[in-house]
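Coordinates as given in my_file.cif (mmCIF, C-alpha atoms):
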```
data_model
loop_
_atom_site.group_PDB
_atom_site.id
_atom_site.type_symbol
_atom_site.label_atom_id
_atom_site.label_comp_id
_atom_site.auth_asym_id
_atom_site.auth_seq_id
_atom_site.Cartn_x
_atom_site.Cartn_y
_atom_site.Cartn_z
ATOM 1 C CA MET T 17 2.094 19.242 -36.905
ATOM 2 C CA THR T 18 4.297 17.875 -34.125
ATOM 3 C CA HIS T 19 6.093 19.865 -31.502
ATOM 4 C CA HIS T 20 9.647 19.282 -30.310
ATOM 5 C CA THR T 21 8.302 16.468 -28.128
ATOM 6 C CA GLY T 22 7.426 14.419 -31.218
ATOM 7 C CA ARG T 23 3.787 14.162 -30.098
ATOM 8 C CA GLU T 24 0.721 15.552 -31.769
ATOM 9 C CA PRO T 25 -0.682 18.692 -30.128
ATOM 10 C CA GLY T 26 -3.083 17.757 -27.373
ATOM 11 C CA SER T 27 -1.773 14.201 -27.090
ATOM 12 C CA VAL T 28 -0.850 12.799 -23.735
ATOM 13 C CA ALA T 29 2.690 11.654 -23.011
ATOM 14 C CA PRO T 30 2.910 7.919 -22.321
ATOM 15 C CA GLU T 31 3.242 7.139 -18.660
ATOM 16 C CA ARG T 32 6.512 5.605 -17.554
ATOM 17 C CA LEU T 33 6.349 3.178 -14.670
ATOM 18 C CA ASP T 34 9.653 3.051 -12.904
ATOM 19 C CA ALA T 35 10.920 -0.471 -12.746
ATOM 20 C CA GLY T 36 14.141 1.098 -11.549
ATOM 21 C CA GLU T 37 12.808 0.901 -8.014
ATOM 22 C CA ALA T 38 12.419 -2.826 -8.466
ATOM 23 C CA ALA T 39 15.887 -2.937 -10.007
ATOM 24 C CA SER T 40 17.349 -1.183 -6.983
ATOM 25 C CA ALA T 41 15.673 -3.679 -4.690
ATOM 26 C CA VAL T 42 16.995 -6.667 -6.627
ATOM 27 C CA ARG T 43 20.545 -5.475 -7.165
ATOM 28 C CA PRO T 44 22.811 -8.269 -5.979
ATOM 29 C CA THR T 45 26.297 -8.077 -7.415
ATOM 30 C CA ASP T 46 25.407 -10.212 -10.447
ATOM 31 C CA VAL T 47 22.514 -7.986 -11.614
ATOM 32 C CA PRO T 48 23.438 -5.528 -14.390
ATOM 33 C CA VAL T 49 23.579 -1.880 -13.360
ATOM 34 C CA ASP T 50 21.717 -0.778 -16.495
ATOM 35 C CA LEU T 51 18.621 -2.692 -15.383
ATOM 36 C CA GLU T 52 17.293 0.617 -14.025
ATOM 37 C CA LEU T 53 17.074 1.883 -17.621
ATOM 38 C CA HIS T 54 14.557 -0.826 -18.526
ATOM 39 C CA CYS T 55 11.239 0.676 -17.411
ATOM 40 C CA ALA T 56 7.652 0.007 -18.385
ATOM 41 C CA GLY T 57 6.216 2.528 -20.831
ATOM 42 C CA ARG T 58 2.453 2.790 -20.638
ATOM 43 C CA PRO T 59 -0.027 2.321 -22.172
ATOM 44 C CA ALA T 60 1.695 -0.054 -24.629
ATOM 45 C CA TRP T 61 3.779 -1.748 -21.906
ATOM 46 C CA ARG T 62 6.998 -1.657 -23.867
ATOM 47 C CA CYS T 63 10.438 -1.149 -22.371
ATOM 48 C CA THR T 64 11.420 2.513 -22.573
ATOM 49 C CA HIS T 65 15.040 1.527 -23.230
ATOM 50 C CA ASP T 66 14.908 -1.207 -25.871
ATOM 51 C CA GLY T 67 11.280 -1.081 -27.085
ATOM 52 C CA GLU T 68 10.623 -4.757 -26.324
ATOM 53 C CA PRO T 69 7.437 -5.880 -24.558
ATOM 54 C CA PHE T 70 7.878 -5.211 -20.845
ATOM 55 C CA PRO T 71 9.276 -6.991 -18.908
ATOM 56 C CA CYS T 72 11.954 -7.041 -21.576
ATOM 57 C CA PRO T 73 14.647 -9.669 -22.207
ATOM 58 C CA THR T 74 17.030 -7.845 -19.856
ATOM 59 C CA TRP T 75 14.618 -8.408 -16.955
ATOM 60 C CA ARG T 76 13.885 -11.964 -18.061
ATOM 61 C CA ALA T 77 17.591 -12.807 -18.194
ATOM 62 C CA LEU T 78 18.150 -12.151 -14.492
ATOM 63 C CA PRO T 79 19.689 -15.083 -12.649
ATOM 64 C CA LEU T 80 16.894 -16.170 -10.321
ATOM 65 C CA ASP T 81 16.950 -17.521 -6.804
ATOM 66 C CA ASP T 82 14.231 -17.646 -4.154
ATOM 67 C CA SER T 83 15.040 -14.258 -2.628
ATOM 68 C CA LEU T 84 15.018 -12.540 -6.022
ATOM 69 C CA ARG T 85 11.718 -14.236 -6.908
ATOM 70 C CA ALA T 86 10.201 -12.837 -3.699
ATOM 71 C CA VAL T 87 11.319 -9.303 -4.559
ATOM 72 C CA LEU T 88 10.136 -9.637 -8.162
ATOM 73 C CA LEU T 89 6.770 -10.975 -7.005
ATOM 74 C CA ALA T 90 6.241 -7.950 -4.764
ATOM 75 C CA ALA T 91 7.342 -5.506 -7.469
ATOM 76 C CA PHE T 92 5.763 -6.995 -10.592
ATOM 77 C CA THR T 93 2.430 -7.775 -8.959
ATOM 78 C CA LEU T 94 1.984 -3.998 -8.754
ATOM 79 C CA PHE T 95 2.078 -3.851 -12.566
ATOM 80 C CA LEU T 96 -0.675 -6.435 -13.119
ATOM 81 C CA ARG T 97 -3.805 -4.328 -12.652
ATOM 82 C CA PRO T 98 -2.703 -1.399 -14.838
ATOM 83 C CA ALA T 99 -1.228 -3.755 -17.467
ATOM 84 C CA ILE T 100 -4.423 -5.792 -17.693
ATOM 85 C CA ARG T 101 -6.507 -2.614 -17.970
ATOM 86 C CA ASP T 102 -4.231 -1.119 -20.641
ATOM 87 C CA LEU T 103 -3.693 -4.228 -22.779
ATOM 88 C CA ARG T 104 -6.884 -6.289 -22.687
ATOM 89 C CA GLY T 105 -9.305 -6.065 -25.533
ATOM 90 C CA HIS T 106 -6.824 -4.809 -28.136
ATOM 91 C CA PRO T 107 -6.901 -6.590 -31.482
ATOM 92 C CA ASP T 108 -4.131 -9.194 -31.499
ATOM 93 C CA GLY T 109 -3.328 -8.172 -27.922
ATOM 94 C CA PRO T 110 -2.675 -10.535 -25.042
ATOM 95 C CA THR T 111 -5.472 -11.981 -22.949
ATOM 96 C CA PRO T 112 -5.487 -11.187 -19.221
ATOM 97 C CA PRO T 113 -4.069 -14.649 -18.340
ATOM 98 C CA GLU T 114 -1.293 -14.105 -20.910
ATOM 99 C CA ILE T 115 -0.526 -10.760 -19.272
ATOM 100 C CA VAL T 116 -0.279 -12.462 -15.874
ATOM 101 C CA ARG T 117 2.134 -15.052 -17.259
ATOM 102 C CA ARG T 118 4.150 -12.316 -18.980
ATOM 103 C CA PHE T 119 4.587 -10.265 -15.810
ATOM 104 C CA LEU T 120 5.145 -13.249 -13.529
ATOM 105 C CA TRP T 121 7.512 -15.076 -15.911
ATOM 106 C CA PHE T 122 9.718 -16.093 -12.981
ATOM 107 C CA LEU T 123 7.005 -18.262 -11.406
ATOM 108 C CA PRO T 124 5.582 -21.551 -12.658
ATOM 109 C CA VAL T 125 1.999 -20.354 -13.224
ATOM 110 C CA THR T 126 -0.514 -22.735 -14.773
ATOM 111 C CA ASP T 127 -3.212 -21.528 -17.160
ATOM 112 C CA GLU T 128 -5.838 -21.986 -14.457
ATOM 113 C CA GLU T 129 -3.792 -20.004 -11.927
ATOM 114 C CA ALA T 130 -3.157 -17.256 -14.476
ATOM 115 C CA ARG T 131 -6.912 -16.994 -15.154
ATOM 116 C CA ALA T 132 -7.645 -16.763 -11.424
ATOM 117 C CA VAL T 133 -5.025 -14.065 -10.899
ATOM 118 C CA ALA T 134 -6.259 -12.133 -13.934
ATOM 119 C CA LEU T 135 -9.818 -12.164 -12.558
ATOM 120 C CA ARG T 136 -8.522 -10.848 -9.251
ATOM 121 C CA TYR T 137 -6.563 -7.993 -10.842
ATOM 122 C CA ARG T 138 -8.891 -6.830 -13.613
#
```
structure tokens encoding of this file:
Amino acid sequence: MTHHTGREPGSVAPERLDAGEAASAVRPTDVPVDLELHCAGRPAWRCTHDGEPFPCPTWRALPLDDSLRAVLLAAFTLFLRPAIRDLRGHPDGPTPPEIVRRFLWFLPVTDEEARAVALRYR
């Protein structure tokens, strides 16, 4: 039986990591206001707004320049350790280097670099 929350009794609510803080930090005039709605839902790491794998297409569509990359690097690096811990080892799930590349999509990261970063953040 489910309660009004839609969860089974005794189940834990998924954690929501607020990417809105990152959105606030990156908000030049050409960044969509609704970016704050697109947050990481743990433990599946799907966008709480559109259900896509986080970071979702809305984040990935941001027009990038060097200053935005610097802000994104600072913000999205914080997601790496919990994302790697939550996602690794699941059947058909991403490998730790794939998770690194997913969360640092805005940087040209080689496979070797992604493996090194994943080892650092696991």
Q: Identify all residues satisfying the PyMOL selection byres ((chain T and resi 92) around 10) in the given file; provide them as a list in words.
A: Ala35, Ala38, Pro71, Val87, Leu88, Leu89, Ala90, Ala91, Thr93, Leu94, Phe95, Leu96, Val116, Phe119, Leu120 and Trp121 of chain T
With C-alpha atoms retained, could you export that selection as an mmCIF file, in the frame of the given file?
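Saved file part38.cif follows:
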```
data_model
loop_
_atom_site.group_PDB
_atom_site.id
_atom_site.type_symbol
_atom_site.label_atom_id
_atom_site.label_comp_id
_atom_site.auth_asym_id
_atom_site.auth_seq_id
_atom_site.Cartn_x
_atom_site.Cartn_y
_atom_site.Cartn_z
ATOM 1 C CA ALA T 35 10.920 -0.471 -12.746
ATOM 2 C CA ALA T 38 12.419 -2.826 -8.466
ATOM 3 C CA PRO T 71 9.276 -6.991 -18.908
ATOM 4 C CA VAL T 87 11.319 -9.303 -4.559
ATOM 5 C CA LEU T 88 10.136 -9.637 -8.162
ATOM 6 C CA LEU T 89 6.770 -10.975 -7.005
ATOM 7 C CA ALA T 90 6.241 -7.950 -4.764
ATOM 8 C CA ALA T 91 7.342 -5.506 -7.469
ATOM 9 C CA THR T 93 2.430 -7.775 -8.959
ATOM 10 C CA LEU T 94 1.984 -3.998 -8.754
ATOM 11 C CA PHE T 95 2.078 -3.851 -12.566
ATOM 12 C CA LEU T 96 -0.675 -6.435 -13.119
ATOM 13 C CA VAL T 116 -0.279 -12.462 -15.874
ATOM 14 C CA PHE T 119 4.587 -10.265 -15.810
ATOM 15 C CA LEU T 120 5.145 -13.249 -13.529
ATOM 16 C CA TRP T 121 7.512 -15.076 -15.911
#
```
Is it possible to get the axis-aligned box enclosing stretch 127-130 of chain T (all listed atoms, 5 Å extra per side) as AutoDock Vina command-line options, with centre and edge lengths in Å rounded to one decimal?
```
--center_x -4.5 --center_y -19.6 --center_z -14.5 --size_x 12.7 --size_y 14.7 --size_z 15.2
```
**Q.** Exercise: stretch 61-67 of chain T partners within 9 Å, only C-alpha atoms, chain neighbours under 4 positions left out, as a PyMOL selection string
**A.** chain T and resi 32+53-57+71-72+99+102-103
Please write the residues from the selection above to a file, keeping C-alpha atoms, as an mmCIF file, keeping the file's coordinate frame.
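And here is the file that came out, out_5.cif:
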```cif
data_model
loop_
_atom_site.group_PDB
_atom_site.id
_atom_site.type_symbol
_atom_site.label_atom_id
_atom_site.label_comp_id
_atom_site.auth_asym_id
_atom_site.auth_seq_id
_atom_site.Cartn_x
_atom_site.Cartn_y
_atom_site.Cartn_z
ATOM 1 C CA ARG T 32 6.512 5.605 -17.554
ATOM 2 C CA LEU T 53 17.074 1.883 -17.621
ATOM 3 C CA HIS T 54 14.557 -0.826 -18.526
ATOM 4 C CA CYS T 55 11.239 0.676 -17.411
ATOM 5 C CA ALA T 56 7.652 0.007 -18.385
ATOM 6 C CA GLY T 57 6.216 2.528 -20.831
ATOM 7 C CA PRO T 71 9.276 -6.991 -18.908
ATOM 8 C CA CYS T 72 11.954 -7.041 -21.576
ATOM 9 C CA ALA T 99 -1.228 -3.755 -17.467
ATOM 10 C CA ASP T 102 -4.231 -1.119 -20.641
ATOM 11 C CA LEU T 103 -3.693 -4.228 -22.779
#
```
Q.
Running the PyMOL selection byres ((chain T and resi 136) around 12) on this model by hand, what would come out? Give it as a list in words.
A.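 So the PyMOL selection byres ((chain T and resi 136) around 12), applied here, picks out Thr93, Leu96, Arg97, Ile100, Pro112, Pro113, Val116, Glu129, Ala130, Arg131, Ala132, Val133, Ala134, Leu135, Tyr137 and Arg138 of chain T.
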Around (16.5, -8.4, -18.7), as given in the file, which residues come within 10 Å? Count all atoms listed in the file and list them as a tab-separated table (two decimals) with C-alpha atoms, keeping the file's coordinate frame.
```
chain	number	residue	atom	x	y	z
T	47	VAL	CA	22.51	-7.99	-11.61
T	48	PRO	CA	23.44	-5.53	-14.39
T	50	ASP	CA	21.72	-0.78	-16.50
T	51	LEU	CA	18.62	-2.69	-15.38
T	54	HIS	CA	14.56	-0.83	-18.53
T	70	PHE	CA	7.88	-5.21	-20.84
T	71	PRO	CA	9.28	-6.99	-18.91
T	72	CYS	CA	11.95	-7.04	-21.58
T	73	PRO	CA	14.65	-9.67	-22.21
T	74	THR	CA	17.03	-7.84	-19.86
T	75	TRP	CA	14.62	-8.41	-16.95
T	76	ARG	CA	13.88	-11.96	-18.06
T	77	ALA	CA	17.59	-12.81	-18.19
T	78	LEU	CA	18.15	-12.15	-14.49
T	79	PRO	CA	19.69	-15.08	-12.65
```
(Q) Just to confirm, what's the straight-line distance from atom CA of T:Pro110 to atom CA of T:Leu80 in Å (one decimal)? (A)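 Those two atoms sit 25.1 Å apart.
Atom CA of T:Arg104 to atom CA of T:Pro124 spans 22.1 Å [interatomic distance, one decimal].
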Q) Suppose you want the space between atom CA of T:Arg85 and atom CA of T:Leu123; what is it in Å? A)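 It comes out at 7.7 Å.
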Q. With only C-alpha atoms as the atoms that count, which of T:Arg101, T:Glu128, T:Leu84, T:Glu52 lies nearest to T:Ile115?
A.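 Counting only C-alpha atoms, the residue closest to T:Ile115 is T:Arg101.
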